[in-house]
Amino acid sequence: MTQETGGAGVSDSVDLLRRLIGFDTTSRNSNLALIEFLRDRLSDHGVDSQLFRDAGGAKANLYATLGPRDVGGLMLSGHTDVVPVDGQDWSSDPFILRQEDGLLYGRGACDMKGFIAVAMALLPALRRQELRRPVHFAFTFDEEVGCLGAKDLAAQLREMPVLPAFCLIGEPTGMHVVNGHKGRLAMRCHVHGREGHSALPEQACNAIESAAEIIARLRTLARRLRDQGPHEPGFDPPYSTVHTGTVEGGTALNIVPRHCSFDFEIRNIPSQDPLGLFEEVKRFALGDLLADMRRTAPDSAIVFEELSRAPGLLPNDDDALLKLALAATGDNIARKVSFGTEAGLYQGAKIPTIVCGPGHIAQAHKPDEFVALDQIARCEAFLLHMVAGVCAH
Ligand SMILES: [Zn+2]
């Protein structure tokens, strides 16, 4: 009952989620229609938004402030893009919300339009409150393909007269408070050798075999990190991991391959610099390995290309926002997760940041992705508690 409790009412959140799921904001598409919908909704409640478009103009971040503008407040943050449904076997149209047995199905229901719907459904309740500190809304593009929108927004926030005092990101944590996650460095490596008849391999330079040597180095690095650390308790696994995901190369067995490329990633505990780990591997590749390749093929080359990089979230157990969030959820301690979010970027912009949102990461990115109504209700109560704690006095 919206009027009686001052809360948003689950039905408002569900109605909004239905609208949000209807926009196909797969990262390869524009998110403008959804962003404009949010802007208009905010405007209906008397709140102006700033839209920051990307270089191509087809995508935008939205930033809006409700309440006083001369002091930093609580930033409620989420990404508007979703992962593709290509090749996934859905029981119903992924872009039409389906409600069944207390569960809300749809692409992005859990990751993370559910949170955005709850935050937006708070608007009428927030308008009725006297806010001493503002509530900021920050909705970004292209999180799923490397936190591209949040990188821009973190820089844009630094230019503002007042920085948000706190940031709460509603990625799906099952409404548990998370204050640490790993970082990620994703790389592609191109190895160029020399083609030749496989009967005369010594006159050619086998790009696949050279790539395999680099991949073996990555594997050795992964073992060392596992066995020797550094280890950071609370993470699963409690060390930085290294993994090669795809390899492409070669044309036929009787041709020495000229080209091979492969993608690998480092998921680092937040206290470890992934670039330092990458440098170890790069030094070997561009040193001994390339020198050996150039003995037979002087124009051999190895090129590393950064696909994406997002910093980890370094836990701060003394943070005031964290203490408030723990009290609101009833958690004793904050958790750490292995998946990445935009949180490390905002922390890098000097905004204390935590992650807590409806739904579970195990339900994200899958066919029949869902969020439970109960999680939506808990998120509503949580956000009202957080706004009261940060902004009401
Ligand atoms: Zn997400």
# chains A, B, ... in the order shown; residues from 1 in each chain; ligands from 1
>>> closest_atom_pairs(of="segment 97-152 of chain A", to="segment 44-54 of chain A", cutoff="8 Å", atoms="only C-alpha atoms", output="Markdown table")
| residue | atom | partner | partner_atom | distance |
| --- | --- | --- | --- | --- |
| A:Leu123 | CA | A:His45 | CA | 7.0 |
| A:Pro124 | CA | A:His45 | CA | 7.2 |
| A:Arg127 | CA | A:His45 | CA | 7.6 |
| A:Gly149 | CA | A:Asp54 | CA | 7.7 |
>>> write_last_selection(atoms="C-alpha atoms", output="PDB file, in the first residue's frame")
ATOM      1  CA  LEU A 123      10.628   8.368  -6.739  1.00  0.00           C
ATOM      2  CA  PRO A 124       7.188   9.234  -5.306  1.00  0.00           C
ATOM      3  CA  ARG A 127       9.616  13.297  -3.383  1.00  0.00           C
ATOM      4  CA  GLY A 149      29.871   3.580 -19.547  1.00  0.00           C
TER       5      GLY A 149
END
>>> residues_around(residues="Val242 of chain A", least_positions_apart="5", cutoff="8 Å", atoms="only C-alpha atoms", output="PyMOL selection string")
chain A and resi 218-219+221-222+264-267
>>> closest_atom_pairs(of="chain A", to="ligand 1", cutoff="8 Å", atoms="only C-alpha atoms and all ligand atoms", output="tab-separated table")
residue	atom	partner	partner_atom_place_in_ligand_line	distance
A:Gly78	CA	ligand 1	1 (Zn)	7.7
A:His79	CA	ligand 1	1 (Zn)	6.6
A:Val82	CA	ligand 1	1 (Zn)	7.5
A:Asp111	CA	ligand 1	1 (Zn)	4.5
A:Met112	CA	ligand 1	1 (Zn)	5.4
A:Glu143	CA	ligand 1	1 (Zn)	6.8
A:Glu144	CA	ligand 1	1 (Zn)	6.6
A:Glu171	CA	ligand 1	1 (Zn)	5.4
A:Pro172	CA	ligand 1	1 (Zn)	7.2
A:Thr341	CA	ligand 1	1 (Zn)	6.7
A:Ala364	CA	ligand 1	1 (Zn)	8.0
>>> write_last_selection(atoms="C-alpha atoms", output="PDB file, in the first residue's frame")
ATOM      1  CA  GLY A  78      23.150   0.251 -12.186  1.00  0.00           C
ATOM      2  CA  HIS A  79      23.949  -0.701 -15.759  1.00  0.00           C
ATOM      3  CA  VAL A  82      22.081  -6.927 -20.785  1.00  0.00           C
ATOM      4  CA  ASP A 111      21.178  -8.477 -13.921  1.00  0.00           C
ATOM      5  CA  MET A 112      20.189  -5.758 -13.327  1.00  0.00           C
ATOM      6  CA  GLU A 143      28.892  -2.795 -18.336  1.00  0.00           C
ATOM      7  CA  GLU A 144      28.712  -6.293 -19.759  1.00  0.00           C
ATOM      8  CA  GLU A 171      24.175  -5.983  -8.953  1.00  0.00           C
ATOM      9  CA  PRO A 172      22.551  -9.276  -7.902  1.00  0.00           C
ATOM     10  CA  THR A 341      31.121  -4.834 -11.237  1.00  0.00           C
ATOM     11  CA  ALA A 364      22.068 -14.071 -14.415  1.00  0.00           C
TER      12      ALA A 364
END
>>> residues_around(residues="segment 254-258 of chain A", least_positions_apart="3", cutoff="8 Å", atoms="only C-alpha atoms", output="PDB file with C-alpha atoms, in the first residue's frame")
ATOM      1  CA  HIS A 192      52.543 -13.888 -36.592  1.00  0.00           C
ATOM      2  CA  GLY A 193      55.034 -16.464 -37.890  1.00  0.00           C
ATOM      3  CA  ARG A 194      55.841 -17.699 -41.381  1.00  0.00           C
ATOM      4  CA  GLU A 195      53.844 -20.120 -43.501  1.00  0.00           C
ATOM      5  CA  GLY A 196      55.531 -23.140 -45.095  1.00  0.00           C
ATOM      6  CA  HIS A 197      55.200 -26.779 -46.170  1.00  0.00           C
ATOM      7  CA  SER A 198      54.869 -28.962 -43.132  1.00  0.00           C
ATOM      8  CA  ALA A 199      57.606 -31.259 -44.546  1.00  0.00           C
ATOM      9  CA  PRO A 201      59.030 -26.893 -40.694  1.00  0.00           C
ATOM     10  CA  ALA A 204      58.914 -21.728 -41.481  1.00  0.00           C
ATOM     11  CA  CYS A 205      57.816 -20.346 -38.136  1.00  0.00           C
ATOM     12  CA  ASN A 206      54.859 -22.096 -36.503  1.00  0.00           C
ATOM     13  CA  ALA A 207      52.575 -19.453 -34.967  1.00  0.00           C
ATOM     14  CA  ILE A 208      50.419 -22.008 -33.126  1.00  0.00           C
ATOM     15  CA  GLY A 249      44.855 -20.465 -35.956  1.00  0.00           C
ATOM     16  CA  GLY A 250      46.049 -22.654 -38.792  1.00  0.00           C
ATOM     17  CA  THR A 251      44.510 -23.741 -42.091  1.00  0.00           C
TER      18      THR A 251
END
>>> atom_distance(atom1="atom CA of Asp93 of chain A", atom2="atom CA of Asp24 of chain A")
11.3 Å
>>> atom_distance(atom1="atom CA of Ala362 of chain A", atom2="atom CA of Gly108 of chain A")
12.9 Å
>>> atom_distance(atom1="atom CA of Gln129 of chain A", atom2="atom CA of Thr173 of chain A")
27.8 Å
>>> residues_around(residues="segment 369-383 of chain A", least_positions_apart="4", cutoff="8 Å", atoms="only C-alpha atoms", output="ChimeraX atom specification")
/A:7-10,13,102-110,114-115,118-119,122,174-175,325,328-329,357-360,363-365,387
>>> write_last_selection(atoms="C-alpha atoms", output="PDB file, in the first residue's frame")
ATOM      1  CA  GLY A   7       7.140   2.675   0.390  1.00  0.00           C
ATOM      2  CA  ALA A   8       7.137   2.250  -3.354  1.00  0.00           C
ATOM      3  CA  GLY A   9       4.936  -0.835  -3.347  1.00  0.00           C
ATOM      4  CA  VAL A  10       6.104  -3.990  -5.088  1.00  0.00           C
ATOM      5  CA  SER A  13       8.562  -1.934  -9.138  1.00  0.00           C
ATOM      6  CA  GLY A 102       6.477 -15.418  -7.301  1.00  0.00           C
ATOM      7  CA  LEU A 103       9.245 -15.231  -9.882  1.00  0.00           C
ATOM      8  CA  LEU A 104       9.727 -12.579 -12.554  1.00  0.00           C
ATOM      9  CA  TYR A 105      11.339 -13.892 -15.724  1.00  0.00           C
ATOM     10  CA  GLY A 106      13.029 -11.873 -18.455  1.00  0.00           C
ATOM     11  CA  ARG A 107      16.424 -10.864 -19.802  1.00  0.00           C
ATOM     12  CA  GLY A 108      17.900  -8.462 -17.265  1.00  0.00           C
ATOM     13  CA  ALA A 109      15.316  -9.276 -14.555  1.00  0.00           C
ATOM     14  CA  CYS A 110      18.169 -10.137 -12.232  1.00  0.00           C
ATOM     15  CA  GLY A 114      15.289  -5.349 -11.190  1.00  0.00           C
ATOM     16  CA  PHE A 115      17.385  -2.966  -9.121  1.00  0.00           C
ATOM     17  CA  VAL A 118      13.115  -0.614  -7.563  1.00  0.00           C
ATOM     18  CA  ALA A 119      15.254   2.542  -7.438  1.00  0.00           C
ATOM     19  CA  LEU A 122      11.056   5.003  -5.042  1.00  0.00           C
ATOM     20  CA  GLY A 174      20.835 -11.971  -3.123  1.00  0.00           C
ATOM     21  CA  MET A 175      20.431  -8.761  -1.055  1.00  0.00           C
ATOM     22  CA  ALA A 325      23.980  -1.547   4.880  1.00  0.00           C
ATOM     23  CA  ALA A 328      19.733  -2.856   7.024  1.00  0.00           C
ATOM     24  CA  THR A 329      20.206  -6.391   5.694  1.00  0.00           C
ATOM     25  CA  GLY A 357      21.000  -5.912  -5.055  1.00  0.00           C
ATOM     26  CA  PRO A 358      18.111  -8.277  -5.734  1.00  0.00           C
ATOM     27  CA  GLY A 359      18.503 -11.683  -7.387  1.00  0.00           C
ATOM     28  CA  HIS A 360      21.388 -14.107  -7.483  1.00  0.00           C
ATOM     29  CA  GLN A 363      20.415 -16.735 -12.257  1.00  0.00           C
ATOM     30  CA  ALA A 364      22.068 -14.071 -14.415  1.00  0.00           C
ATOM     31  CA  HIS A 365      23.216 -14.488 -18.029  1.00  0.00           C
ATOM     32  CA  VAL A 387      18.086   6.666   2.054  1.00  0.00           C
TER      33      VAL A 387
END
>>> residues_around(residues="segment 276-284 of chain A", least_positions_apart="3", cutoff="9 Å", atoms="only C-alpha atoms", output="PyMOL selection string")
chain A and resi 185+214+217-218+221+266+272-273+287-290+304
>>> select_by_dssp(residues="segment 94-246 of chain A", states="helix (DSSP H, G or I)", output="MDAnalysis selection string")
chainID A and resid 109:121 123:128 148:158 201:203 207:228
>>> residues_around(residues="Val85 of chain A", least_positions_apart="3", cutoff="8 Å", atoms="only C-alpha atoms", output="MDAnalysis selection string")
chainID A and resid 88 94 107 367
>>> residues_around(residues="Val177 of chain A", least_positions_apart="4", cutoff="12 Å", atoms="only C-alpha atoms", output="PDB file with C-alpha atoms, in the first residue's frame")
ATOM      1  CA  LEU A 168      25.441   1.657  -3.890  1.00  0.00           C
ATOM      2  CA  ILE A 169      25.465  -0.671  -6.896  1.00  0.00           C
ATOM      3  CA  GLY A 170      22.532  -3.050  -7.168  1.00  0.00           C
ATOM      4  CA  GLU A 171      24.175  -5.983  -8.953  1.00  0.00           C
ATOM      5  CA  PRO A 172      22.551  -9.276  -7.902  1.00  0.00           C
ATOM      6  CA  THR A 173      23.978 -10.340  -4.534  1.00  0.00           C
ATOM      7  CA  HIS A 181      35.369  -8.176  -5.720  1.00  0.00           C
ATOM      8  CA  PRO A 315      37.279  -4.065   0.864  1.00  0.00           C
ATOM      9  CA  ASP A 317      35.469  -2.717   6.592  1.00  0.00           C
ATOM     10  CA  LEU A 321      27.914   3.119   4.259  1.00  0.00           C
ATOM     11  CA  LEU A 322      28.899  -0.493   4.818  1.00  0.00           C
ATOM     12  CA  LYS A 323      27.876  -0.382   8.480  1.00  0.00           C
ATOM     13  CA  LEU A 324      24.523   1.087   7.565  1.00  0.00           C
ATOM     14  CA  ALA A 325      23.980  -1.547   4.880  1.00  0.00           C
ATOM     15  CA  LEU A 326      24.879  -4.405   7.230  1.00  0.00           C
ATOM     16  CA  ALA A 327      22.372  -3.099   9.761  1.00  0.00           C
ATOM     17  CA  ALA A 328      19.733  -2.856   7.024  1.00  0.00           C
ATOM     18  CA  THR A 329      20.206  -6.391   5.694  1.00  0.00           C
ATOM     19  CA  GLY A 330      20.986  -8.125   8.992  1.00  0.00           C
ATOM     20  CA  ASP A 331      24.294  -9.449   7.646  1.00  0.00           C
ATOM     21  CA  ASN A 332      27.065  -9.792  10.210  1.00  0.00           C
ATOM     22  CA  ILE A 333      29.893  -9.265   7.772  1.00  0.00           C
ATOM     23  CA  ALA A 334      30.274  -8.083   4.223  1.00  0.00           C
ATOM     24  CA  ARG A 335      30.927 -10.691   1.545  1.00  0.00           C
ATOM     25  CA  LYS A 336      33.354 -10.859  -1.323  1.00  0.00           C
ATOM     26  CA  VAL A 337      32.494 -12.094  -4.784  1.00  0.00           C
ATOM     27  CA  THR A 353      31.157   1.959  -2.820  1.00  0.00           C
ATOM     28  CA  ILE A 354      29.343  -1.230  -1.886  1.00  0.00           C
ATOM     29  CA  VAL A 355      27.302  -3.730  -3.891  1.00  0.00           C
ATOM     30  CA  CYS A 356      23.902  -5.054  -2.807  1.00  0.00           C
ATOM     31  CA  GLY A 357      21.000  -5.912  -5.055  1.00  0.00           C
ATOM     32  CA  PRO A 358      18.111  -8.277  -5.734  1.00  0.00           C
ATOM     33  CA  CYS A 379      15.380  -4.360  -2.053  1.00  0.00           C
ATOM     34  CA  PHE A 382      16.647  -1.851   1.957  1.00  0.00           C
TER      35      PHE A 382
END
>>> decode(residues="segment 193-255 of chain A", atoms="C-alpha atoms", output="PDB file, in the first residue's frame")
ATOM      1  CA  GLY A 193      55.034 -16.464 -37.890  1.00  0.00           C
ATOM      2  CA  ARG A 194      55.841 -17.699 -41.381  1.00  0.00           C
ATOM      3  CA  GLU A 195      53.844 -20.120 -43.501  1.00  0.00           C
ATOM      4  CA  GLY A 196      55.531 -23.140 -45.095  1.00  0.00           C
ATOM      5  CA  HIS A 197      55.200 -26.779 -46.170  1.00  0.00           C
ATOM      6  CA  SER A 198      54.869 -28.962 -43.132  1.00  0.00           C
ATOM      7  CA  ALA A 199      57.606 -31.259 -44.546  1.00  0.00           C
ATOM      8  CA  LEU A 200      60.042 -28.366 -44.054  1.00  0.00           C
ATOM      9  CA  PRO A 201      59.030 -26.893 -40.694  1.00  0.00           C
ATOM     10  CA  GLU A 202      62.522 -25.574 -39.993  1.00  0.00           C
ATOM     11  CA  GLN A 203      62.187 -23.076 -42.852  1.00  0.00           C
ATOM     12  CA  ALA A 204      58.914 -21.728 -41.481  1.00  0.00           C
ATOM     13  CA  CYS A 205      57.816 -20.346 -38.136  1.00  0.00           C
ATOM     14  CA  ASN A 206      54.859 -22.096 -36.503  1.00  0.00           C
ATOM     15  CA  ALA A 207      52.575 -19.453 -34.967  1.00  0.00           C
ATOM     16  CA  ILE A 208      50.419 -22.008 -33.126  1.00  0.00           C
ATOM     17  CA  GLU A 209      53.420 -23.529 -31.368  1.00  0.00           C
ATOM     18  CA  SER A 210      54.692 -20.099 -30.332  1.00  0.00           C
ATOM     19  CA  ALA A 211      51.212 -19.219 -29.056  1.00  0.00           C
ATOM     20  CA  ALA A 212      51.191 -22.508 -27.143  1.00  0.00           C
ATOM     21  CA  GLU A 213      54.411 -21.520 -25.400  1.00  0.00           C
ATOM     22  CA  ILE A 214      52.822 -18.277 -24.239  1.00  0.00           C
ATOM     23  CA  ILE A 215      49.683 -20.134 -23.114  1.00  0.00           C
ATOM     24  CA  ALA A 216      51.886 -22.569 -21.180  1.00  0.00           C
ATOM     25  CA  ARG A 217      53.521 -19.580 -19.459  1.00  0.00           C
ATOM     26  CA  LEU A 218      50.079 -18.299 -18.492  1.00  0.00           C
ATOM     27  CA  ARG A 219      49.276 -21.722 -17.050  1.00  0.00           C
ATOM     28  CA  THR A 220      52.523 -21.730 -15.067  1.00  0.00           C
ATOM     29  CA  LEU A 221      51.655 -18.289 -13.730  1.00  0.00           C
ATOM     30  CA  ALA A 222      48.183 -19.543 -12.743  1.00  0.00           C
ATOM     31  CA  ARG A 223      49.712 -22.453 -10.798  1.00  0.00           C
ATOM     32  CA  ARG A 224      52.163 -20.193  -9.012  1.00  0.00           C
ATOM     33  CA  LEU A 225      49.380 -17.800  -7.952  1.00  0.00           C
ATOM     34  CA  ARG A 226      47.375 -20.769  -6.678  1.00  0.00           C
ATOM     35  CA  ASP A 227      50.255 -22.341  -4.760  1.00  0.00           C
ATOM     36  CA  GLN A 228      52.198 -19.312  -3.572  1.00  0.00           C
ATOM     37  CA  GLY A 229      49.564 -16.577  -3.506  1.00  0.00           C
ATOM     38  CA  PRO A 230      49.177 -13.861  -2.487  1.00  0.00           C
ATOM     39  CA  HIS A 231      46.008 -15.216  -0.896  1.00  0.00           C
ATOM     40  CA  GLU A 232      43.141 -12.987   0.183  1.00  0.00           C
ATOM     41  CA  PRO A 233      40.622 -14.757   2.422  1.00  0.00           C
ATOM     42  CA  GLY A 234      36.966 -14.268   1.580  1.00  0.00           C
ATOM     43  CA  PHE A 235      37.446 -14.638  -2.170  1.00  0.00           C
ATOM     44  CA  ASP A 236      36.621 -17.892  -3.915  1.00  0.00           C
ATOM     45  CA  PRO A 237      39.230 -18.901  -4.960  1.00  0.00           C
ATOM     46  CA  PRO A 238      41.324 -16.705  -2.639  1.00  0.00           C
ATOM     47  CA  TYR A 239      43.978 -15.853  -5.239  1.00  0.00           C
ATOM     48  CA  SER A 240      44.216 -14.241  -8.677  1.00  0.00           C
ATOM     49  CA  THR A 241      43.349 -16.580 -11.529  1.00  0.00           C
ATOM     50  CA  VAL A 242      44.588 -16.768 -15.121  1.00  0.00           C
ATOM     51  CA  HIS A 243      42.724 -18.498 -17.922  1.00  0.00           C
ATOM     52  CA  THR A 244      42.915 -18.836 -21.718  1.00  0.00           C
ATOM     53  CA  GLY A 245      39.441 -18.878 -23.254  1.00  0.00           C
ATOM     54  CA  THR A 246      39.728 -19.132 -27.053  1.00  0.00           C
ATOM     55  CA  VAL A 247      42.392 -20.033 -29.616  1.00  0.00           C
ATOM     56  CA  GLU A 248      42.242 -19.583 -33.386  1.00  0.00           C
ATOM     57  CA  GLY A 249      44.855 -20.465 -35.956  1.00  0.00           C
ATOM     58  CA  GLY A 250      46.049 -22.654 -38.792  1.00  0.00           C
ATOM     59  CA  THR A 251      44.510 -23.741 -42.091  1.00  0.00           C
ATOM     60  CA  ALA A 252      45.526 -27.381 -42.710  1.00  0.00           C
ATOM     61  CA  LEU A 253      47.709 -30.019 -41.148  1.00  0.00           C
ATOM     62  CA  ASN A 254      50.241 -29.924 -44.002  1.00  0.00           C
ATOM     63  CA  ILE A 255      50.759 -26.158 -43.736  1.00  0.00           C
TER      64      ILE A 255
END
